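Novice: One structure follows; several queries about it will come next.
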Amino acid sequence: MLVTPDVLALNSARLPEDIDPQETTEWLDAMEAVLKHGGPERAKYLLETLIAVTDRAGAKMPGGITTPYVNTIPVEDQAAFPGDRVLERKLKSAIRWNAMAMVLKANKNTNVGGHISTFASAATLYEIGFNHFFHGRSADHPGDVVFFQGHASPGMYARAYVEGRLEEKKLDNFRQELKPGGGVSSYPHPWLMPDFWQYPTVSMGLGPIMSIYHARYNRYLRDRELAKTDRARVWAFLGDGECDEPESLGAISLAGREKLGNLTWVINCNLQRLDGPVRGNGKIIQELEGIFRGAGWNVIKVVWGTDWDELLKNDHTGALARRMMEVVDGEYCDYVGRDMRTTEEINSKKLISEEEDADRRGAYIRDVFFNTPELKALVEHLSNRQVAALKRGGHDPLKVYAAYKTATEHKAQPTVILVKTVKGYGIPGDGGQGKFTTHQLKKLAVQIEAVPDMKPEEKSKRQTLAALRQFRERFELPALSDEQLETIPFYRPPADSPEAKYLKARRDALGGPQPFRNNEFVPCQPPERKSFERLYGATVEGKTASTTFAWVNLMTQLCRDPHIKHLIVPIVPDEGQTFGMPPMYKAFGMYSSVGQTYTPVDKGSLSEYRESKTGQILQEGINEAGSMASFIAAGTAYSTHGVNTIPFYIYYSMFGFQRIGDLAWAAADARTRGFLMGATAGRTTINGEGLQHEDGHSHLMAMTIPTCRTYDPAYAYELAVVIEEGINAMYVRGEECFYYLTVYNEAYDMPAMPGEHVREGIIRGLYPVKSAKPAGAKLEVQLLGSGVILNEALRAQQILADKYNIASTVYSATSYQMLRKDAIECERHNRLHPDAPKKVPFVSQVLGATKGPIVATSDYMRALPETVAPYLNGRLLALGTDGFGRSETRKALRRFFEVDAENVVVAALYALFEQGQLDPGTVKKAVADLGIDPDAAHPWTI
């Protein structure tokens with residue numbers, strides 16, 4: 001029989017009462033015949049045809065695609081467990097203990113925090129993976145990438161300690177990394193632990209989206225023959241509450257569309273987020289199942305442990321499955337978290353034993369869950385303690401192993417495993433298992449019998465010891481005596497013990513340790529200088545260019561450079577037309593895992609929209625977060641796959657750091673390399689676009705990221721110099737950083753590079769562009785300009801010379817961030833070495849010996865140039881585009897924000913007046929002569 005009674009029972013558990021059983025039987029008999037003689041594909045075709053017919057007739061199918069609230073894998077299809085269950089339980093118990101001990105010891109005399117309950121609920125999920133599935137990096141395997149749930153990090157440290165990879169001192173210093181000997185970081189942080197963690201996963205939601213794009217990027221590397229990645233699996237572990245983060249589920253349709261069979265998600269559904277139930281009035285597992293099935297994922301539910309199999313087998317009418325479905329998550333939380341004492345016992349602080357608690361809990365569950373005579377009959381042979389001990393699926397290694405094995409063998413789709421667990425599983429005490437306060441649990445304590453005149457500190461100590469004894473007994477750790485518990489010791493099985501040997505054998509069989517990050521860096525060949533030389537020359541007279549256009553030209557050259565052409569990875573979120581990239585689409589193709597199955601409407605044109613399985617460009621659609629996830633995958637391929645791919649992610653600068661700032665920070669943590677290109681940059685440069693598109697602050701936001709080097713080039717040759725330096729810094733010299741460059745869509749004359757002597761200034765952040773010294777000039781000022789606004793500084797120079805006979809030098813300030821970083825390093829050295837020769841910041845070397853005030857103008861907030869003001873002896877007066885943007889012409893916007901040439905002139909004159917070198921009447925007359933309204937409201941205020 002293919003349509004078995006248990007299948008019918010499960011089906012009836014989610015449908016209304018059958019009004020015509022005879023007709024139902026006939027349909028089922030017909031379907032059984034189809035399955036027997038035509039196979040599953042024929043059955044699927046008939047069902048889809050029937051659905052289409054009923055849909056056209058107006059009988060709409062339900063929107064959600066869910067199955068009964070039971071395990072997806074039937075018992076008869078469950079893979080046999082290959083491991084030694086006894087040894088694996090002993091190891092898991094030791095790891096549980098060490099994870100708990102880490103947090104307790106760290107908080108014994110400090111308040112550094114930590115989390116116990118997340119790993120407690122997920123221990124089986126991780127241990128099955130470590131023992132049987134997570135491949136390490138070896139000569140014949142690239143290694144799996146595992147995005148570990150951040151709050152479960154104590155479990156990973158605890159296992160590494162048992163394996164001998166981390167010493168006790170490191171665990172003693174959990175979350176205390178500055179202590180002698182060092183410690184381990186709070187969460188997965190590759191920047192802090194570069195030989196351990198691969199990717200950061202806190203903030204929540206980032207791990208899921210990064211895992212999807214990493215799995216897709218593995219296919220990209222394979223299809224472009226850059227790395228052999230077919231055997232590499234990407235795993236992501238996350239919580240059910242984490243799925244409320246938009247980044248968590250926002251890209252799952254990509255994984256389904258791309259059929260990423262190399263991707264497995266494990267969602268730990270302990271039904272609790274940080275403050276309470278995830279879906280107290282609903283069922284998060286069912287909700288997620290519908291979402292993922294609709295997005296094209298293979299869904300495996302692991303809801304109930306082995307103890308439930310017999311009960312479900314005996315559920316001939318579907319009553320149990322129906323009851324499982326109707327109970328909401330808030331009630332399931334209540335079954336495990338409820339205080340089983342009576343009100344009188346709670347008020348009198350009377351204690352009950354663990355055995356009594358289990359008896360009462362089982363009786364309660366028997367009463368409120370098995371709430372009909374039919375359901376009660378299913379469990380009448382079980383004691384109350386046995387009822388209370390019925391496990392959820394995520395704590396059963398047999399069920400978890402079967403799910404993982406099925407997932408890894410499923411090649412046509414990504415797989416999500418929805419696993420039901422108990423948050424804080426096995427943790428004793430009032431804030432422990434199943435309690436809404438368990439996420440914040442940092443210390444263990446259980447109630448103890450009152451003792452007269454007991455001091456609070458003694459009571460606390462005894463409560464903790466009692467809790468530790470309960471934990472020890474629950475997980476059978478006899479190696480720890482009562483005396484040892486007082487120090488909360490770590491436990492590592494002896495090297496010659498069966499447990500230690502088994503642990504080593506399992507990891508050896510899987511190729512090596514996990515988590516693990518590869519730190520071997522093999523530099524690539526530097527690009528040829530001639531690839532950049534095209535941008536060194538001046539534009540032809542009458543033919544202007546923007547820096548964005550210059551970047552596209554440079555990318556075309558780099559994608560043909562014999563040394564690095566195969567490594568360049570252009571990434572764009574559906575703005576290629578805006579940036580002038582379509583010629584690149586035809587020349588280099590956009591990556592598609594299936595190639596191009598249609599004829600593009602612009603076939604044969606110079607800008608043909610060409611998709612290819614070996615395409616070089618990642619066109620990500622309107623999706624900045626996904627593009628950033630691709631940037632991270634490409635920019636860390638040097639570590640994960642030993643391939644120095646060089647990502648260039650170009651996007652509207654306004655929709656960069658303020659939109660994906662958390663991912664940019666994660667990129668730095670992950671030691672990502674590459675180039676972020678903030679295009680259509682500046683507050684005044686985008687004609688007519690208005691407030692939401694005009695960026696005057698991204699450089700300040702980029703400066704908050706320690707490994708990000710920011711540049712605001714004005715000329716094509718500056719752009720070329722910075723990018724060449726960046727490639728050499730990151731991929732030849734091995735410096736761990738990434739670059740942010742702003743490029744503009746305003747076209748103007750591009751001068752030729754003056755010579756090699758300007759290269760240092762461009763890279764370090766400042767160099768002179770042009771000096772003007774009119775005859776007889778007695779006054780002098782220094783003008784700093786950046787990006788497109790450098791042209792306003794040059795125009796101001798001309799006005800100052802022609803109208804006011806004032807000399808000036810205009811400087812291109814390519815990077816205030818690099819100037820500030822250098823100045824801070826010099827200041828710190830001088831402060832800590834007062835008897836050594838003073839170091840002079842580069843900004844002071846360039847401007848220190850010059851005369852007069854310094855006026856800086858840019859298309860960014862005045863706070864940007866003001867970051868170097870402390871190193872210029874009070875000479876700097878900064879102009880900037882503070883405030884909201886407006887829809888207007890460039891000329892009007894620059895006057896509105898007071899960064900145009902006329903305002904630069906007035907600022908210079910005023911600065912000279914402030915120094916006592918000019919009278920106020922000259923400044924006032926200039927304001928009138930230059931058409932500036934002195935009483936206009938500042939843009940910041942309107």
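Chain labels follow the order of the structure tokens: the first chain is A, the next B, and so on; residue numbering restarts at 1 in every chain, and ligands are counted from 1 in their shown order.
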For Tyr45 (chain A), work out the shell of residues within 12 Å, counting only C-alpha atoms and skipping chain neighbours fewer than 5 positions away, then give it as a PDB file with C-alpha atoms, in the first residue's frame.
Specialist:
ATOM      1  CA  MET A  31      -3.692   7.938  -7.162  1.00  0.00           C
ATOM      2  CA  VAL A  34      -0.755   6.183 -10.798  1.00  0.00           C
ATOM      3  CA  LEU A  35       2.094   6.090  -8.298  1.00  0.00           C
ATOM      4  CA  GLY A  38       3.319   5.924 -13.687  1.00  0.00           C
ATOM      5  CA  GLY A  39       5.639   7.004 -10.896  1.00  0.00           C
ATOM      6  CA  PRO A  40       5.924  10.237  -8.874  1.00  0.00           C
ATOM      7  CA  LEU A  50      -6.184  19.169 -11.397  1.00  0.00           C
ATOM      8  CA  ILE A  51      -5.130  22.220  -9.399  1.00  0.00           C
ATOM      9  CA  ALA A  52      -5.106  24.331 -12.587  1.00  0.00           C
TER      10      ALA A  52
END
Novice: Among region 117-223 of chain A, which ones does DSSP assign to strand (DSSP E or B) (computed from the backbone)? Answer as a list in words.
Specialist: Ser138, His141, Val145, Val146, Phe147, Phe174 and Val184 of chain A
Novice: For region 708-809 of chain A versus region 678-681 of chain A, which residues have an atom no more than 7 Å away, and what is each residue's nearest atom pair and distance in Å rounded to one decimal, using only C-alpha atoms, chain-then-number order, as a tab-separated table?
Specialist:
residue	atom	partner	partner_atom	distance
A:Leu741	CA	A:Gly678	CA	6.0
A:Thr742	CA	A:Gly678	CA	4.5
A:Val743	CA	A:Ala679	CA	4.8
A:Tyr744	CA	A:Thr680	CA	4.7
A:Asn745	CA	A:Thr680	CA	5.3
Novice: Between A:Ala94, A:Ala59, A:Ala664, A:Ala926, which residue has the minimum interatomic distance to Leu480 (chain A), considering only C-alpha atoms?
Specialist: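 Once distances to Leu480 (chain A) are computed over only C-alpha atoms, the minimum belongs to A:Ala94.
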Novice: List the neighbours of Ala668 (chain A) out to 8 Å using only C-alpha atoms; skip same-chain residues closer than 6 positions along the sequence, and give me the result as number ranges by chain.
Specialist: A: 191, 705-708, 737-738
Novice: What lies within 6 Å of region 433-442 of chain A using only C-alpha atoms, ignoring chain neighbours under 3 positions off, as a list of chain:residue names?
Specialist: A:Ser117, A:Leu274, A:Gly276, A:Val336, A:Gly337, A:Val422, A:Lys423, A:Gly424, A:Tyr425, A:Ile427
Novice: Can I get the selection written as a CSV table (one decimal), in the first residue's frame, with C-alpha atoms?
Specialist:
chain,number,residue,atom,x,y,z
A,117,SER,CA,20.8,28.8,26.6
A,274,LEU,CA,15.0,37.2,23.3
A,276,GLY,CA,9.3,35.7,24.8
A,336,VAL,CA,8.4,23.0,29.5
A,337,GLY,CA,8.8,26.3,31.3
A,422,VAL,CA,13.7,23.7,23.9
A,423,LYS,CA,15.6,26.8,24.7
A,424,GLY,CA,17.9,26.3,27.6
A,425,TYR,CA,17.5,22.5,27.3
A,427,ILE,CA,19.6,23.9,32.4
Novice: Which residues of region 665-727 of chain A have any atom within 8 Å of an atom in region 779-801 of chain A when counting only C-alpha atoms, and what is the closest pair of atoms for each, with the distance in Å to one decimal? Order the rows by chain and rising number and write it as a Markdown table.
Specialist:
| residue | atom | partner | partner_atom | distance |
| --- | --- | --- | --- | --- |
| A:Thr685 | CA | A:Val788 | CA | 7.9 |
| A:Asp712 | CA | A:Gly787 | CA | 5.3 |
| A:Pro713 | CA | A:Gly787 | CA | 5.0 |
| A:Ala714 | CA | A:Gly787 | CA | 3.8 |
| A:Tyr715 | CA | A:Gly787 | CA | 7.6 |
Novice: Find the residues around region 615-623 of chain A up to 7 Å (only C-alpha atoms counted), leave out those fewer than 5 positions away in its own chain, and share them as a ChimeraX atom specification.
Specialist: /A:569-574,588-592
Novice: Give the answer as one residue: which of A:Ala467, A:Leu221, A:Met454, A:Lys391 has the shortest atom-to-atom distance to Ser121 (chain A), using only C-alpha atoms?
Specialist: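 Looking only at the distances to Ser121 (chain A), the closest residue turns out to be A:Lys391.
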Novice: Would you pick out the contacts of Thr857 (chain A) at 6 Å or less, using only C-alpha atoms, so that residues sharing its chain but fewer than 3 positions from it are not included, and give the list as a count of residues only?
Specialist: 4
Novice: So, with only C-alpha atoms as the atoms that count, which of A:Ser630, A:Thr556, A:Ser203, A:Thr66 lies closest to Met584 (chain A)?
Specialist: A:Thr556
Novice: Select from region 367-431 of chain A every residue with an atom at most 10 Å from any atom of region 471-476 of chain A, then for each give the shortest pair of atoms and their distance in Å to one decimal, using only C-alpha atoms, rows by chain and rising number, as JSON lines.
Specialist:
{"residue": "A:Gly426", "atom": "CA", "partner": "A:Phe471", "partner_atom": "CA", "distance": 7.0}
{"residue": "A:Ile427", "atom": "CA", "partner": "A:Phe471", "partner_atom": "CA", "distance": 6.5}
{"residue": "A:Pro428", "atom": "CA", "partner": "A:Phe471", "partner_atom": "CA", "distance": 6.6}
{"residue": "A:Gly429", "atom": "CA", "partner": "A:Phe471", "partner_atom": "CA", "distance": 9.8}
Novice: Just list as number ranges by chain whatever in region 340-539 of chain A DSSP marks as alpha helix (DSSP H).
Specialist: A: 343-347, 354-368, 373-378, 384-388, 397-409, 456-474, 482-485, 498-509, 530-533
Novice: Using the selection just defined, write its residues with C-alpha atoms as a tab-separated table (two decimals), in the first residue's frame.
Specialist:
chain	number	residue	atom	x	y	z
A	343	THR	CA	0.78	28.89	44.46
A	344	GLU	CA	1.03	28.06	48.14
A	345	GLU	CA	4.42	26.39	47.63
A	346	ILE	CA	5.71	29.35	45.64
A	347	ASN	CA	4.55	31.83	48.27
A	354	GLU	CA	13.35	17.04	40.33
A	355	GLU	CA	11.42	13.76	40.42
A	356	GLU	CA	8.34	15.46	41.82
A	357	ASP	CA	8.66	18.21	39.21
A	358	ALA	CA	8.76	15.59	36.43
A	359	ASP	CA	5.74	13.79	37.86
A	360	ARG	CA	3.70	16.96	38.05
A	361	ARG	CA	4.81	18.16	34.62
A	362	GLY	CA	3.87	14.84	33.03
A	363	ALA	CA	0.47	14.93	34.72
A	364	TYR	CA	-0.05	18.48	33.51
A	365	ILE	CA	0.87	17.60	29.91
A	366	ARG	CA	-1.34	14.50	30.07
A	367	ASP	CA	-4.19	16.73	31.18
A	368	VAL	CA	-3.86	19.75	28.88
A	373	PRO	CA	-10.20	10.19	25.97
A	374	GLU	CA	-8.79	9.11	22.61
A	375	LEU	CA	-5.52	11.00	23.17
A	376	LYS	CA	-5.22	9.88	26.78
A	377	ALA	CA	-5.53	6.29	25.62
A	378	LEU	CA	-2.44	6.76	23.44
A	384	ASN	CA	3.92	10.83	34.08
A	385	ARG	CA	7.71	11.08	34.07
A	386	GLN	CA	7.81	9.34	30.69
A	387	VAL	CA	5.23	11.78	29.34
A	388	ALA	CA	7.31	14.69	30.61
A	397	PRO	CA	20.53	12.52	17.34
A	398	LEU	CA	18.79	9.86	15.22
A	399	LYS	CA	16.30	12.35	13.83
A	400	VAL	CA	18.87	15.10	13.32
A	401	TYR	CA	21.32	12.77	11.56
A	402	ALA	CA	18.61	11.53	9.20
A	403	ALA	CA	17.66	15.11	8.33
A	404	TYR	CA	21.25	16.16	7.63
A	405	LYS	CA	21.92	13.10	5.50
A	406	THR	CA	18.79	13.65	3.46
A	407	ALA	CA	19.68	17.32	3.02
A	408	THR	CA	23.22	16.63	1.81
A	409	GLU	CA	21.95	14.07	-0.70
A	456	PRO	CA	23.47	36.11	51.08
A	457	GLU	CA	26.85	35.25	49.56
A	458	GLU	CA	26.80	31.81	51.16
A	459	LYS	CA	23.25	31.21	49.96
A	460	SER	CA	24.21	32.21	46.43
A	461	LYS	CA	27.20	29.87	46.51
A	462	ARG	CA	25.08	26.94	47.68
A	463	GLN	CA	22.40	27.65	45.07
A	464	THR	CA	25.03	27.60	42.32
A	465	LEU	CA	26.56	24.35	43.59
A	466	ALA	CA	23.14	22.73	43.74
A	467	ALA	CA	22.50	23.79	40.14
A	468	LEU	CA	25.86	22.45	39.02
A	469	ARG	CA	25.13	19.11	40.68
A	470	GLN	CA	21.80	18.91	38.86
A	471	PHE	CA	23.50	19.73	35.55
A	472	ARG	CA	26.19	17.14	36.20
A	473	GLU	CA	23.67	14.42	37.03
A	474	ARG	CA	21.40	15.29	34.11
A	482	ASP	CA	31.30	17.74	44.44
A	483	GLU	CA	34.54	19.32	45.65
A	484	GLN	CA	35.60	20.16	42.10
A	485	LEU	CA	32.30	21.86	41.35
A	498	PRO	CA	37.72	6.18	24.01
A	499	GLU	CA	35.95	9.55	23.80
A	500	ALA	CA	39.08	11.47	22.82
A	501	LYS	CA	40.10	8.87	20.26
A	502	TYR	CA	36.62	8.84	18.76
A	503	LEU	CA	36.56	12.62	18.55
A	504	LYS	CA	39.88	12.73	16.73
A	505	ALA	CA	38.90	9.92	14.37
A	506	ARG	CA	35.70	11.68	13.36
A	507	ARG	CA	37.45	14.97	12.59
A	508	ASP	CA	40.27	13.20	10.77
A	509	ALA	CA	37.68	11.41	8.63
A	530	LYS	CA	49.84	50.12	-18.91
A	531	SER	CA	46.34	48.99	-17.84
A	532	PHE	CA	46.09	52.30	-15.95
A	533	GLU	CA	47.92	54.62	-18.32
Novice: Just how far from CA of Ala747 (chain A) is CA of Gly542 (chain A), in Å to one decimal?
Specialist: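 Computing the Euclidean distance for CA of Gly542 (chain A) and CA of Ala747 (chain A) yields 11.0 Å.
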Novice: Got a sec: who's within 10 Å of Asp882 (chain A), counting only C-alpha atoms, leaving out chain neighbours fewer than 3 positions off, as number ranges by chain?
Specialist: A: 683, 696-697, 859-863, 879, 885, 897-898, 938-941
Novice: Could you check the closest approach to Ser844 (chain A) for each of A:Pro208, A:Pro870, A:Pro513, A:Pro489 and tell me which residue wins, using only C-alpha atoms?
Specialist: A:Pro870
